[in-house]
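Next up, entry_14.cif (mmCIF, C-alpha atoms):
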data_final
#
loop_
_atom_site.label_atom_id
_atom_site.label_comp_id
_atom_site.auth_asym_id
_atom_site.auth_seq_id
_atom_site.Cartn_x
_atom_site.Cartn_y
_atom_site.Cartn_z
CA MET A 9 -210.96 -113.32 -113.09
CA ARG A 10 -214.11 -111.20 -112.61
CA THR A 11 -214.88 -108.37 -110.21
CA THR A 12 -217.85 -106.41 -108.96
CA SER A 13 -218.40 -103.63 -106.45
CA PHE A 14 -221.19 -101.75 -104.70
CA ALA A 15 -221.64 -99.04 -102.08
CA ALA A 16 -221.89 -100.29 -98.50
CA LEU A 17 -221.04 -99.32 -94.92
CA GLY A 18 -220.42 -95.71 -95.95
CA THR A 19 -217.68 -96.86 -98.32
CA SER A 20 -217.31 -99.40 -101.12
CA ALA A 21 -217.49 -103.19 -101.12
CA PHE A 22 -215.52 -105.09 -103.75
CA VAL A 23 -215.15 -108.76 -104.57
CA ALA A 24 -212.97 -110.51 -107.14
CA VAL A 25 -213.03 -114.23 -107.95
CA ALA A 26 -210.59 -116.29 -109.96
CA ASP A 27 -213.39 -118.57 -111.17
CA ASP A 28 -215.65 -116.46 -113.41
CA ASP A 29 -218.72 -118.57 -112.65
CA ALA A 30 -218.44 -117.79 -108.94
CA LEU A 31 -219.05 -114.06 -109.21
CA ASP A 32 -222.82 -113.94 -108.83
CA HIS A 33 -222.74 -116.12 -105.74
CA ALA A 34 -219.81 -114.14 -104.36
CA ARG A 35 -221.60 -110.83 -104.75
CA ALA A 36 -224.82 -112.14 -103.23
CA THR A 37 -222.88 -113.52 -100.25
CA LEU A 38 -220.98 -110.28 -99.69
CA GLU A 39 -224.15 -108.18 -99.97
CA ARG A 40 -225.88 -110.38 -97.39
CA GLU A 41 -222.96 -110.34 -94.95
CA VAL A 42 -222.43 -106.59 -95.23
CA ARG A 43 -226.15 -105.96 -94.70
CA GLY A 44 -226.04 -108.19 -91.63
CA LEU A 45 -222.99 -106.42 -90.25
CA ASP A 46 -224.64 -103.03 -90.65
CA ALA A 47 -227.77 -104.22 -88.85
CA VAL A 48 -225.71 -105.59 -85.97
CA CYS A 49 -223.06 -103.00 -85.30
CA SER A 50 -223.66 -99.71 -87.07
CA ARG A 51 -223.07 -96.77 -84.74
CA PHE A 52 -225.34 -94.63 -86.88
CA ARG A 53 -228.49 -96.75 -86.94
CA ALA A 54 -230.66 -96.41 -83.87
CA ASP A 55 -232.07 -99.87 -84.55
CA SER A 56 -228.72 -101.68 -84.67
CA GLU A 57 -227.95 -104.14 -81.92
CA LEU A 58 -224.85 -102.19 -80.94
CA ALA A 59 -226.73 -98.88 -80.75
CA ARG A 60 -229.30 -100.51 -78.47
CA ALA A 61 -226.57 -101.96 -76.23
CA ASN A 62 -224.85 -98.57 -76.10
CA ALA A 63 -228.14 -96.85 -75.25
CA ARG A 64 -228.49 -99.20 -72.28
CA SER A 65 -224.92 -98.78 -71.01
CA GLY A 66 -224.57 -99.91 -67.43
CA GLU A 67 -227.11 -102.71 -67.95
CA ARG A 68 -226.52 -106.28 -68.98
CA VAL A 69 -228.28 -106.98 -72.29
CA ASP A 70 -228.80 -110.09 -74.40
CA ILE A 71 -226.91 -110.10 -77.67
CA SER A 72 -226.71 -112.19 -80.82
CA PRO A 73 -223.81 -114.60 -81.43
CA GLN A 74 -222.55 -112.28 -84.16
CA LEU A 75 -222.37 -109.23 -81.92
CA GLY A 76 -220.73 -111.44 -79.28
CA GLU A 77 -218.06 -112.44 -81.77
CA LEU A 78 -217.55 -108.87 -82.98
CA VAL A 79 -217.15 -107.50 -79.45
CA SER A 80 -214.88 -110.40 -78.58
CA VAL A 81 -212.67 -109.64 -81.59
CA ALA A 82 -212.58 -105.95 -80.62
CA LEU A 83 -211.60 -106.72 -77.02
CA ARG A 84 -208.94 -109.10 -78.23
CA ALA A 85 -207.61 -106.33 -80.49
CA ARG A 86 -207.31 -104.11 -77.42
CA VAL A 87 -205.08 -106.72 -75.81
CA THR A 88 -202.91 -107.54 -78.83
CA SER A 89 -202.43 -103.84 -79.59
CA HIS A 90 -201.51 -103.09 -75.97
CA GLY A 91 -204.55 -100.85 -75.65
CA CYS A 92 -203.80 -98.81 -78.78
CA VAL A 93 -206.95 -100.03 -80.56
CA ASP A 94 -209.77 -99.59 -78.08
CA PRO A 95 -213.47 -100.23 -78.82
CA THR A 96 -214.67 -98.06 -75.92
CA LEU A 97 -214.08 -94.73 -77.68
CA GLY A 98 -217.49 -94.29 -79.30
CA ALA A 99 -218.48 -91.38 -77.06
CA ASP A 100 -215.11 -89.71 -77.63
CA LEU A 101 -215.51 -90.03 -81.40
CA ARG A 102 -218.94 -88.46 -81.14
CA ALA A 103 -217.63 -85.64 -78.96
CA CYS A 104 -214.91 -84.97 -81.53
CA GLY A 105 -217.56 -84.59 -84.24
CA TYR A 106 -217.82 -88.07 -85.77
CA ASP A 107 -221.40 -88.50 -84.60
CA ARG A 108 -223.09 -89.50 -87.87
CA THR A 109 -222.19 -91.17 -91.15
CA PHE A 110 -219.04 -89.68 -92.55
CA ALA A 111 -220.74 -88.24 -95.64
CA LEU A 112 -222.88 -86.14 -93.28
CA VAL A 113 -219.91 -85.23 -91.07
CA ARG A 114 -217.98 -83.98 -94.08
CA SER A 115 -220.88 -81.91 -95.37
CA ARG A 116 -221.72 -80.34 -92.02
CA GLY A 117 -218.93 -77.78 -91.79
CA ARG A 118 -217.08 -76.77 -88.65
CA TRP A 119 -217.75 -78.75 -85.48
CA GLN A 120 -217.39 -77.30 -82.00
CA ILE A 121 -215.59 -79.79 -79.81
CA ASP A 122 -217.27 -79.75 -76.44
CA CYS A 123 -215.59 -82.60 -74.60
CA GLY A 124 -213.26 -80.36 -72.59
CA PRO A 125 -209.53 -80.69 -72.47
CA ALA A 126 -207.93 -84.02 -73.33
CA ARG A 127 -207.43 -86.22 -70.27
CA LEU A 128 -205.70 -89.43 -69.44
CA ARG A 129 -208.16 -92.24 -68.90
CA PRO A 130 -207.83 -95.90 -68.01
CA PRO A 131 -209.24 -98.63 -70.26
CA GLN A 132 -212.94 -99.18 -69.68
CA PRO A 133 -213.97 -102.70 -68.59
CA VAL A 134 -216.53 -104.33 -70.89
CA GLU A 135 -218.40 -107.37 -69.57
CA LEU A 136 -218.91 -109.87 -72.36
CA ASP A 137 -220.31 -113.31 -71.60
CA THR A 138 -219.96 -115.38 -74.76
CA GLU A 139 -221.39 -118.43 -73.01
CA ASN A 140 -224.75 -116.83 -72.17
CA LEU A 141 -224.49 -114.14 -74.86
CA THR A 142 -224.82 -111.07 -72.70
CA LEU A 143 -223.00 -107.75 -72.84
CA ARG A 144 -222.64 -104.92 -70.38
CA VAL A 145 -221.20 -101.72 -71.75
CA PRO A 146 -219.86 -99.60 -68.87
CA ALA A 147 -222.15 -96.72 -67.90
CA GLY A 148 -221.44 -93.63 -69.96
CA VAL A 149 -219.35 -95.57 -72.47
CA GLU A 150 -220.22 -96.28 -76.11
CA LEU A 151 -218.67 -99.12 -78.04
CA ASP A 152 -217.36 -98.40 -81.51
CA LEU A 153 -216.30 -101.47 -83.48
CA GLY A 154 -215.07 -99.49 -86.48
CA ALA A 155 -211.46 -100.63 -86.14
CA THR A 156 -212.28 -104.32 -86.39
CA ALA A 157 -215.82 -105.01 -87.66
CA LYS A 158 -215.27 -104.14 -91.33
CA ALA A 159 -212.07 -106.18 -91.45
CA TRP A 160 -213.81 -109.06 -89.68
CA CYS A 161 -216.55 -108.99 -92.30
CA ALA A 162 -213.94 -109.04 -95.09
CA ASP A 163 -212.27 -112.11 -93.55
CA TRP A 164 -215.56 -113.84 -92.86
CA SER A 165 -217.08 -113.16 -96.27
CA ALA A 166 -213.95 -114.17 -98.19
CA ASP A 167 -213.82 -117.44 -96.28
CA LEU A 168 -217.53 -118.12 -96.87
CA ILE A 169 -217.25 -117.43 -100.60
CA ALA A 170 -214.11 -119.53 -101.00
CA ARG A 171 -215.65 -122.47 -99.15
CA SER A 172 -218.93 -122.36 -101.03
CA THR A 173 -217.48 -121.85 -104.51
CA GLY A 174 -214.02 -123.40 -104.31
CA SER A 175 -212.68 -120.29 -106.04
CA SER A 176 -209.84 -118.07 -104.97
CA VAL A 177 -211.41 -114.82 -103.78
CA LEU A 178 -210.47 -111.31 -102.73
CA VAL A 179 -212.85 -109.15 -100.69
CA SER A 180 -212.22 -105.48 -100.02
CA LEU A 181 -214.36 -103.37 -97.71
CA GLY A 182 -213.15 -99.81 -97.97
CA GLY A 183 -209.60 -100.97 -98.64
CA ASP A 184 -209.55 -103.60 -95.87
CA ILE A 185 -208.65 -106.65 -97.92
CA ALA A 186 -209.01 -110.38 -97.23
CA VAL A 187 -207.97 -113.19 -99.53
CA ALA A 188 -209.15 -116.80 -99.27
CA GLY A 189 -209.37 -120.04 -101.21
CA PRO A 190 -206.75 -121.70 -103.38
CA PRO A 191 -203.58 -119.58 -103.42
CA ALA A 192 -203.57 -116.99 -106.18
CA ALA A 193 -201.51 -113.84 -106.56
CA TRP A 194 -203.71 -110.77 -106.11
CA PRO A 195 -202.08 -107.49 -107.21
CA ILE A 196 -203.04 -104.59 -104.92
CA ARG A 197 -202.22 -100.92 -105.26
CA ILE A 198 -201.15 -99.20 -102.05
CA ALA A 199 -202.68 -95.73 -101.84
CA GLU A 200 -203.58 -93.00 -99.38
CA ASP A 201 -207.21 -93.32 -100.39
CA HIS A 202 -208.64 -96.70 -101.36
CA SER A 203 -211.02 -95.03 -103.83
CA ALA A 204 -208.18 -93.52 -105.89
CA PRO A 205 -208.17 -94.69 -109.52
CA LEU A 206 -206.29 -97.92 -110.10
CA ALA A 207 -204.18 -96.15 -112.70
CA ALA A 208 -202.93 -93.63 -110.14
CA PRO A 209 -199.23 -93.79 -109.36
CA GLY A 210 -198.14 -95.93 -106.45
CA PRO A 211 -196.59 -99.25 -105.57
CA VAL A 212 -198.34 -102.51 -106.45
CA VAL A 213 -197.78 -105.59 -104.30
CA GLU A 214 -199.15 -109.11 -104.33
CA ILE A 215 -200.51 -111.28 -101.56
CA THR A 216 -201.65 -114.88 -101.94
CA SER A 217 -203.38 -115.36 -98.59
CA GLY A 218 -204.42 -113.56 -95.40
CA GLY A 219 -205.16 -109.87 -95.23
CA LEU A 220 -203.83 -106.45 -96.11
CA ALA A 221 -205.12 -103.22 -94.62
CA THR A 222 -204.20 -99.56 -94.60
CA SER A 223 -205.02 -97.08 -91.86
CA SER A 224 -204.82 -93.44 -92.78
CA THR A 225 -205.34 -90.10 -91.13
CA SER A 226 -205.67 -88.28 -94.45
CA VAL A 227 -209.08 -89.45 -95.67
CA ARG A 228 -211.61 -89.34 -92.83
CA ARG A 229 -211.01 -85.72 -91.76
CA TRP A 230 -213.32 -82.89 -90.78
CA GLN A 231 -213.18 -79.31 -89.55
CA THR A 232 -213.51 -78.40 -85.88
CA ASP A 233 -213.07 -75.24 -83.87
CA ARG A 234 -209.67 -76.64 -82.84
CA GLY A 235 -208.45 -77.37 -86.32
CA GLU A 236 -208.82 -80.45 -88.48
CA ALA A 237 -209.74 -83.72 -86.81
CA HIS A 238 -209.48 -87.30 -88.01
CA HIS A 239 -211.01 -90.58 -86.89
CA ILE A 240 -208.08 -92.39 -85.25
CA LEU A 241 -208.17 -91.56 -81.56
CA ASP A 242 -205.51 -91.98 -78.92
CA PRO A 243 -207.19 -94.10 -76.20
CA ARG A 244 -205.14 -92.28 -73.55
CA SER A 245 -206.64 -88.90 -74.38
CA GLY A 246 -209.79 -89.65 -76.39
CA ARG A 247 -208.52 -87.23 -79.05
CA PRO A 248 -207.20 -87.68 -82.59
CA VAL A 249 -203.61 -88.91 -82.45
CA PRO A 250 -200.81 -86.55 -83.47
CA GLU A 251 -200.03 -87.21 -87.10
CA THR A 252 -196.64 -88.90 -87.11
CA TRP A 253 -197.83 -91.16 -89.91
CA ARG A 254 -200.14 -90.28 -92.77
CA SER A 255 -200.81 -93.91 -93.55
CA VAL A 256 -199.66 -97.37 -92.52
CA SER A 257 -200.24 -100.51 -94.61
CA VAL A 258 -199.83 -103.93 -93.04
CA ALA A 259 -199.97 -107.54 -94.28
CA ALA A 260 -201.03 -110.18 -91.76
CA PRO A 261 -202.55 -113.67 -91.55
CA THR A 262 -206.01 -112.06 -91.40
CA CYS A 263 -207.50 -108.72 -92.38
CA VAL A 264 -208.45 -108.07 -88.75
CA GLU A 265 -204.88 -108.50 -87.60
CA ALA A 266 -203.64 -106.32 -90.46
CA ASN A 267 -206.09 -103.53 -89.64
CA VAL A 268 -205.42 -103.69 -85.91
CA ALA A 269 -201.67 -103.50 -86.46
CA ALA A 270 -202.02 -100.64 -88.96
CA THR A 271 -204.22 -98.62 -86.60
CA ALA A 272 -201.99 -99.38 -83.61
CA ALA A 273 -198.98 -98.19 -85.60
CA ILE A 274 -200.69 -94.84 -86.30
CA VAL A 275 -201.39 -94.51 -82.57
CA LEU A 276 -197.89 -95.57 -81.48
CA GLY A 277 -196.25 -92.82 -83.56
CA ASP A 278 -192.46 -93.02 -83.57
CA GLU A 279 -192.52 -96.31 -81.68
CA ALA A 280 -194.40 -98.02 -84.53
CA PRO A 281 -191.49 -99.28 -86.69
CA SER A 282 -189.73 -101.03 -83.81
CA TRP A 283 -193.04 -102.54 -82.59
CA LEU A 284 -193.82 -103.85 -86.08
CA GLU A 285 -190.28 -105.25 -86.36
CA ALA A 286 -190.58 -106.89 -82.95
CA THR A 287 -193.81 -108.59 -83.96
CA ALA A 288 -192.44 -109.55 -87.42
CA THR A 289 -195.29 -107.65 -89.08
CA PRO A 290 -194.59 -106.53 -92.66
CA ALA A 291 -195.59 -102.89 -93.07
CA ARG A 292 -195.21 -99.78 -95.17
CA LEU A 293 -195.35 -96.51 -93.24
CA VAL A 294 -195.74 -93.04 -94.76
CA ARG A 295 -194.73 -90.12 -92.53
CA ALA A 296 -196.72 -86.92 -92.44
CA ASN A 297 -193.94 -85.36 -94.58
CA GLY A 298 -194.30 -88.12 -97.20
CA ARG A 299 -191.16 -90.09 -96.32
CA VAL A 300 -191.75 -93.84 -96.62
CA SER A 301 -190.36 -96.64 -94.40
CA PHE A 302 -190.61 -100.41 -94.81
CA VAL A 303 -190.35 -103.02 -92.09
CA SER A 304 -190.29 -106.82 -91.75
CA GLY A 305 -189.76 -107.59 -95.40
CA TRP A 306 -192.32 -105.28 -97.03
CA PRO A 307 -190.82 -104.56 -100.51
CA SER A 308 -189.55 -101.06 -101.22
CA ASP A 309 -191.61 -98.89 -103.54
CA ARG A 310 -188.84 -99.01 -106.15
CA ARG A 311 -189.28 -102.77 -106.44
CA ALA A 312 -193.08 -102.61 -106.26
CA ALA A 313 -193.79 -99.59 -108.49
CA MET B 16 -191.92 -100.23 -73.84
CA PHE B 17 -194.84 -100.22 -76.29
CA GLY B 18 -198.46 -99.64 -75.50
CA CYS B 19 -201.30 -97.25 -74.94
CA ASP B 20 -202.69 -98.81 -71.81
CA GLY B 21 -202.46 -95.53 -69.88
CA ALA B 22 -203.03 -96.43 -66.27
CA GLY B 23 -202.94 -100.09 -67.34
CA MET B 24 -205.48 -102.86 -66.89
CA ASN B 25 -205.88 -103.98 -63.35
CA HIS B 26 -206.06 -107.63 -62.37
CA GLU B 27 -209.84 -107.58 -62.21
CA GLN B 28 -210.14 -106.19 -65.72
CA GLU B 29 -207.58 -108.65 -67.02
CA ALA B 30 -209.48 -111.48 -65.36
CA GLU B 31 -212.74 -110.30 -66.92
CA LEU B 32 -211.20 -110.22 -70.34
CA ARG B 33 -209.49 -113.56 -69.84
CA ASN B 34 -212.76 -115.12 -68.72
CA ALA B 35 -214.58 -113.71 -71.71
CA VAL B 36 -211.98 -115.07 -74.10
CA LEU B 37 -211.92 -118.44 -72.39
CA ALA B 38 -215.70 -118.69 -72.53
CA ARG B 39 -215.62 -117.92 -76.22
CA ASN B 40 -212.93 -120.49 -76.81
CA ALA B 41 -214.91 -123.07 -74.86
CA ALA B 42 -217.97 -122.37 -76.99
CA ARG B 43 -215.83 -122.59 -80.10
CA ARG B 44 -214.38 -125.90 -79.00
CA ARG B 45 -217.87 -127.28 -78.40
CA LEU B 46 -218.94 -126.09 -81.84
CA GLN B 47 -215.85 -127.64 -83.42
CA LEU B 48 -216.55 -130.87 -81.54
CA ALA B 49 -220.13 -130.92 -82.77
CA THR B 50 -219.02 -130.00 -86.26
CA GLY B 51 -216.37 -132.72 -86.22
CA GLY B 52 -218.95 -135.22 -85.03
CA ALA B 53 -221.37 -134.21 -87.77
CA VAL B 54 -218.66 -134.50 -90.40
CA ALA B 55 -217.59 -137.91 -89.06
CA VAL B 56 -221.19 -139.15 -89.18
CA ALA B 57 -221.65 -137.75 -92.68
CA VAL B 58 -218.41 -139.35 -93.88
CA GLY B 59 -219.37 -142.65 -92.27
CA LEU B 60 -222.83 -142.62 -93.82
CA SER B 61 -221.40 -141.75 -97.20
CA GLY B 62 -219.06 -144.72 -96.90
CA VAL B 63 -221.95 -147.03 -95.95
CA PHE B 64 -224.09 -145.85 -98.84
CA ALA B 65 -221.15 -146.11 -101.21
CA ALA B 66 -220.53 -149.67 -100.07
CA LEU B 67 -224.23 -150.52 -100.54
CA ALA B 68 -224.14 -148.98 -103.99
CA ALA B 69 -220.99 -150.94 -104.80
CA GLY B 70 -222.66 -154.15 -103.74
CA SER B 71 -225.65 -153.52 -105.98
CA THR B 72 -223.88 -152.22 -109.10
CA HIS B 73 -220.33 -152.11 -110.40
CA PHE B 74 -217.37 -151.97 -108.00
CA LYS B 75 -215.58 -149.23 -109.94
CA LYS B 76 -218.58 -146.90 -109.82
CA ALA B 77 -218.71 -147.24 -106.07
CA ILE B 78 -215.12 -146.14 -105.77
CA VAL B 79 -215.86 -143.04 -107.79
CA ARG B 80 -218.83 -142.10 -105.63
CA ALA B 81 -217.08 -142.63 -102.32
CA PRO B 82 -215.47 -139.17 -101.74
CA ALA B 83 -217.33 -137.43 -98.93
CA THR B 84 -215.74 -134.03 -98.92
CA ARG B 85 -218.90 -132.43 -100.30
CA SER B 86 -220.73 -133.50 -97.19
CA ALA B 87 -218.87 -130.74 -95.34
CA ARG B 88 -220.23 -128.01 -97.60
CA PRO B 89 -223.52 -127.44 -95.75
CA LEU B 90 -221.44 -126.35 -92.73
CA ALA B 91 -220.89 -123.05 -94.51
CA ALA B 92 -224.48 -122.29 -93.57
CA LEU B 93 -223.41 -121.90 -89.92
CA THR B 94 -222.98 -118.18 -90.41
CA VAL B 95 -225.19 -117.35 -87.47
CA ALA B 96 -222.51 -118.63 -85.11
CA PRO B 97 -219.47 -116.75 -86.34
CA ALA B 98 -216.41 -118.46 -85.02
CA ALA B 99 -213.76 -117.71 -87.57
CA PRO B 100 -210.38 -117.71 -85.77
CA LEU B 101 -209.44 -114.17 -86.54
CA VAL B 102 -206.97 -113.44 -83.80
CA SER B 103 -204.87 -115.55 -81.57
CA ALA B 104 -206.55 -117.20 -78.59
CA ASN B 105 -203.49 -116.43 -76.48
CA VAL B 106 -204.48 -113.73 -74.00
CA ASP B 107 -200.99 -112.87 -72.82
CA PRO B 108 -199.84 -109.72 -74.50
CA PRO B 109 -197.68 -109.14 -76.42
CA THR B 110 -197.18 -112.60 -77.85
CA SER B 111 -199.35 -113.93 -80.66
CA ALA B 112 -200.03 -117.53 -81.65
CA SER B 113 -200.54 -116.51 -85.27
CA PRO B 114 -197.75 -117.52 -87.61
CA PRO B 115 -195.63 -114.65 -88.86
CA ALA B 116 -197.24 -112.95 -91.82
CA SER B 117 -195.77 -113.46 -95.26
CA ALA B 118 -194.55 -110.17 -96.63
CA PRO B 119 -196.20 -109.04 -99.85
CA THR B 120 -194.11 -109.32 -102.99
CA PRO B 121 -193.66 -106.70 -105.69
CA SER B 122 -196.12 -107.09 -108.52
CA TYR B 123 -195.81 -106.25 -112.19
CA GLN B 124 -199.47 -106.99 -112.92
CA PRO B 125 -202.17 -104.31 -113.16
CA PRO B 126 -203.79 -103.94 -109.73
CA VAL B 127 -207.31 -105.26 -109.20
CA VAL B 128 -208.02 -103.09 -106.17
CA SER B 129 -206.47 -100.46 -103.89
CA SER B 130 -205.76 -100.60 -100.19
CA GLY B 131 -205.91 -97.20 -98.56
CA GLY B 132 -207.80 -95.06 -96.12
CA SER B 133 -211.58 -95.05 -96.43
#
Can the structure from this file be put into structure tokens for me?
Amino acid sequence: MRTTSFAALGTSAFVAVADDDALDHARATLEREVRGLDAVCSRFRADSELARANARSGERVDISPQLGELVSVALRARVTSHGCVDPTLGADLRACGYDRTFALVRSRGRWQIDCGPARLRPPQPVELDTENLTLRVPAGVELDLGATAKAWCADWSADLIARSTGSSVLVSLGGDIAVAGPPAAWPIRIAEDHSAPLAAPGPVVEITSGGLATSSTSVRRWQTDRGEAHHILDPRSGRPVPETWRSVSVAAPTCVEANVAATAAIVLGDEAPSWLEATATPARLVRANGRVSFVSGWPSDRRAA
Amino acid sequence: MFGCDGAGMNHEQEAELRNAVLARNAARRRLQLATGGAVAVAVGLSGVFAALAAGSTHFKKAIVRAPATRSARPLAALTVAPAAPLVSANVDPPTSASPPASAPTPSYQPPVVSSGGS
């Protein structure tokens, strides 16, 4: 087994292959796919396709097949999460202070929130025509694909690498993990912060297929004039969700599904465990006070430590 | 009752989303059809060439050369039309067509990577 990693998408990209000879190809594939994703849907690049579509909100614009797929996945996530994971919150994120790459947000100091009091708002309709490849972002709305695009890229890249090399592969983009190829047991540490040292204390679990993702309110945080903010917004208010959970880790058939469920659980608050049980989604939830819960067969930390 | 739909999606919005998903699925089906056709042609041609080779050399060698699975490899180049089935095509919330996820198992091996916030 060989691994390699590099900085990408404001976080880290990591790939591991069971077949040692596959590593160079795996890395080259992941670098290419991550570069492509950034060019298509970065919120912080004025020349990205998504930024151009957002800048022309209210108009119908032509889009690439990849942006069509990414928006489609994000809209589907809104449905499967019952609206908890909503791609139309880009303007709200910006108003809350997340208006540039996170490294710059963190170094900026206190942000003055100027979006007025939180308000209830209905879901915003997005017109996506995947047949003719056109997109109309509602006027005044900005799409943010942060909850699904990275996970989609992990799934997509892992599948590409496995198919082209025949090797079992694990891809992690900032802790959003996808596994593909011949079944192999991949040991993964569950942590608050994906960049924590591997030797740090914490449970280790194995997956052999699909995806595993963790959403957390404790890493992407910044200072505002109304206290600390984080990047997971409640679509009903456009504001950071109250912190019932510090982190939620989910295993699912794909990394996208895992990340959507993990983020939805953070948004759902106390309703999350029963929702995850009802959807038979294995998850590990850490409350703001540190207490840990397990649902749908996720092993307890005592067994996985 | 779960959900964050707030005022809820109205019928028009649901129809828009449904139409978008259906259009995508239709495009995906066409792509799969074309892909299937290409694979079938490739497999067929491989068989023909293998048979020709068998007729001109030794029978046993032809049998060895017959497998056509490699002919599907170039399809990986279709990255410009991303169609990986990432989420269920079923648009009726809250059900999902995806099979239930396998729960992770405890591991006693050193971890290769961490999952956490980023």
Exactly which residues make up the result of the PyMOL selection byres ((chain A) within 6 of (chain B)) on this file, given as a PDB file with C-alpha atoms, in the coordinates of the input?
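Full text of selection.pdb as output:
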ATOM      1  CA  PRO A  73    -223.810-114.600 -81.430  1.00  0.00           C
ATOM      2  CA  GLN A  74    -222.550-112.280 -84.160  1.00  0.00           C
ATOM      3  CA  THR A  88    -202.910-107.540 -78.830  1.00  0.00           C
ATOM      4  CA  HIS A  90    -201.510-103.090 -75.970  1.00  0.00           C
ATOM      5  CA  GLY A  91    -204.550-100.850 -75.650  1.00  0.00           C
ATOM      6  CA  CYS A  92    -203.800 -98.810 -78.780  1.00  0.00           C
ATOM      7  CA  PRO A 130    -207.830 -95.900 -68.010  1.00  0.00           C
ATOM      8  CA  PRO A 133    -213.970-102.700 -68.590  1.00  0.00           C
ATOM      9  CA  LEU A 136    -218.910-109.870 -72.360  1.00  0.00           C
ATOM     10  CA  ASP A 137    -220.310-113.310 -71.600  1.00  0.00           C
ATOM     11  CA  THR A 138    -219.960-115.380 -74.760  1.00  0.00           C
ATOM     12  CA  GLU A 139    -221.390-118.430 -73.010  1.00  0.00           C
ATOM     13  CA  GLY A 182    -213.150 -99.810 -97.970  1.00  0.00           C
ATOM     14  CA  GLY A 183    -209.600-100.970 -98.640  1.00  0.00           C
ATOM     15  CA  PRO A 195    -202.080-107.490-107.210  1.00  0.00           C
ATOM     16  CA  ILE A 196    -203.040-104.590-104.920  1.00  0.00           C
ATOM     17  CA  ARG A 197    -202.220-100.920-105.260  1.00  0.00           C
ATOM     18  CA  ILE A 198    -201.150 -99.200-102.050  1.00  0.00           C
ATOM     19  CA  ALA A 199    -202.680 -95.730-101.840  1.00  0.00           C
ATOM     20  CA  GLU A 200    -203.580 -93.000 -99.380  1.00  0.00           C
ATOM     21  CA  ASP A 201    -207.210 -93.320-100.390  1.00  0.00           C
ATOM     22  CA  HIS A 202    -208.640 -96.700-101.360  1.00  0.00           C
ATOM     23  CA  VAL A 212    -198.340-102.510-106.450  1.00  0.00           C
ATOM     24  CA  VAL A 213    -197.780-105.590-104.300  1.00  0.00           C
ATOM     25  CA  GLU A 214    -199.150-109.110-104.330  1.00  0.00           C
ATOM     26  CA  ILE A 215    -200.510-111.280-101.560  1.00  0.00           C
ATOM     27  CA  THR A 222    -204.200 -99.560 -94.600  1.00  0.00           C
ATOM     28  CA  SER A 223    -205.020 -97.080 -91.860  1.00  0.00           C
ATOM     29  CA  SER A 224    -204.820 -93.440 -92.780  1.00  0.00           C
ATOM     30  CA  VAL A 227    -209.080 -89.450 -95.670  1.00  0.00           C
ATOM     31  CA  ARG A 244    -205.140 -92.280 -73.550  1.00  0.00           C
ATOM     32  CA  ALA A 260    -201.030-110.180 -91.760  1.00  0.00           C
ATOM     33  CA  PRO A 261    -202.550-113.670 -91.550  1.00  0.00           C
ATOM     34  CA  PRO A 290    -194.590-106.530 -92.660  1.00  0.00           C
ATOM     35  CA  GLY A 305    -189.760-107.590 -95.400  1.00  0.00           C
ATOM     36  CA  TRP A 306    -192.320-105.280 -97.030  1.00  0.00           C
ATOM     37  CA  ARG A 311    -189.280-102.770-106.440  1.00  0.00           C
ATOM     38  CA  ALA A 312    -193.080-102.610-106.260  1.00  0.00           C
TER      39      ALA A 312
END
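Comparing the minimum interatomic distances between Arg144 of chain A and each of A:Val93, A:Ile71, A:Ala286, A:Leu241, counting all atoms listed in the file, we find that A:Ile71 sits nearest.
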Could you jot down the atom CA of Ala162 of chain A to atom CA of Asn267 of chain A separation for me, Å, one decimal place?
11.0 Å
Just say which residues the PyMOL selection byres ((chain A and resi 164-173) around 7) picks in this file, as a PyMOL selection string.
(chain A and resi 30+34+37-38+41+160-163+174-179+186-189) or (chain B and resi 88+91+99)
Write out as a PyMOL selection string each polymer residue whose atoms come within 10 Å of Asn297 of chain A, counting all atoms listed in the file; drop sequence neighbours fewer than 2 positions from it.
chain A and resi 251-254+294-295+299-300
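This file, filtered with the PyMOL selection byres ((chain A and resi 154) around 9), gives the residues Cys49, Ser50, Arg51, Pro95, Asp152, Leu153, Ala155, Thr156, Ala157, Lys158 and Ala159 of chain A.
If you look at atom CA of Glu279 of chain A and atom CA of Leu97 of chain A, they are 22.0 Å away from each other.
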Take the point (-218.7, -103.3, -98.4) as written in the file and pick out every residue within 8 Å of it, counting only C-alpha atoms; give the list as a PyMOL selection string.
chain A and resi 14-17+19-22+38-39+42+158+180-182
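With distances taken over all atoms listed in the file, A:Leu75 is the one residue among A:Leu75, A:Ile185, A:Val264, A:Leu31 lying closest to Leu141 of chain A.
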For atom CA of Gly246 of chain A and atom CA of Ala272 of chain A, quote the distance in Å rounded to one decimal.
14.4 Å
Enclose the full set of atoms of segment 231-239 of chain A listed in the file within a box whose edges lie along x, y and z, apply 3 Å of padding to each of the six sides, and report centre and edge lengths in Å to one decimal as AutoDock Vina command-line options.
--center_x -211.0 --center_y -82.9 --center_z -86.2 --size_x 11.1 --size_y 21.3 --size_z 12.7
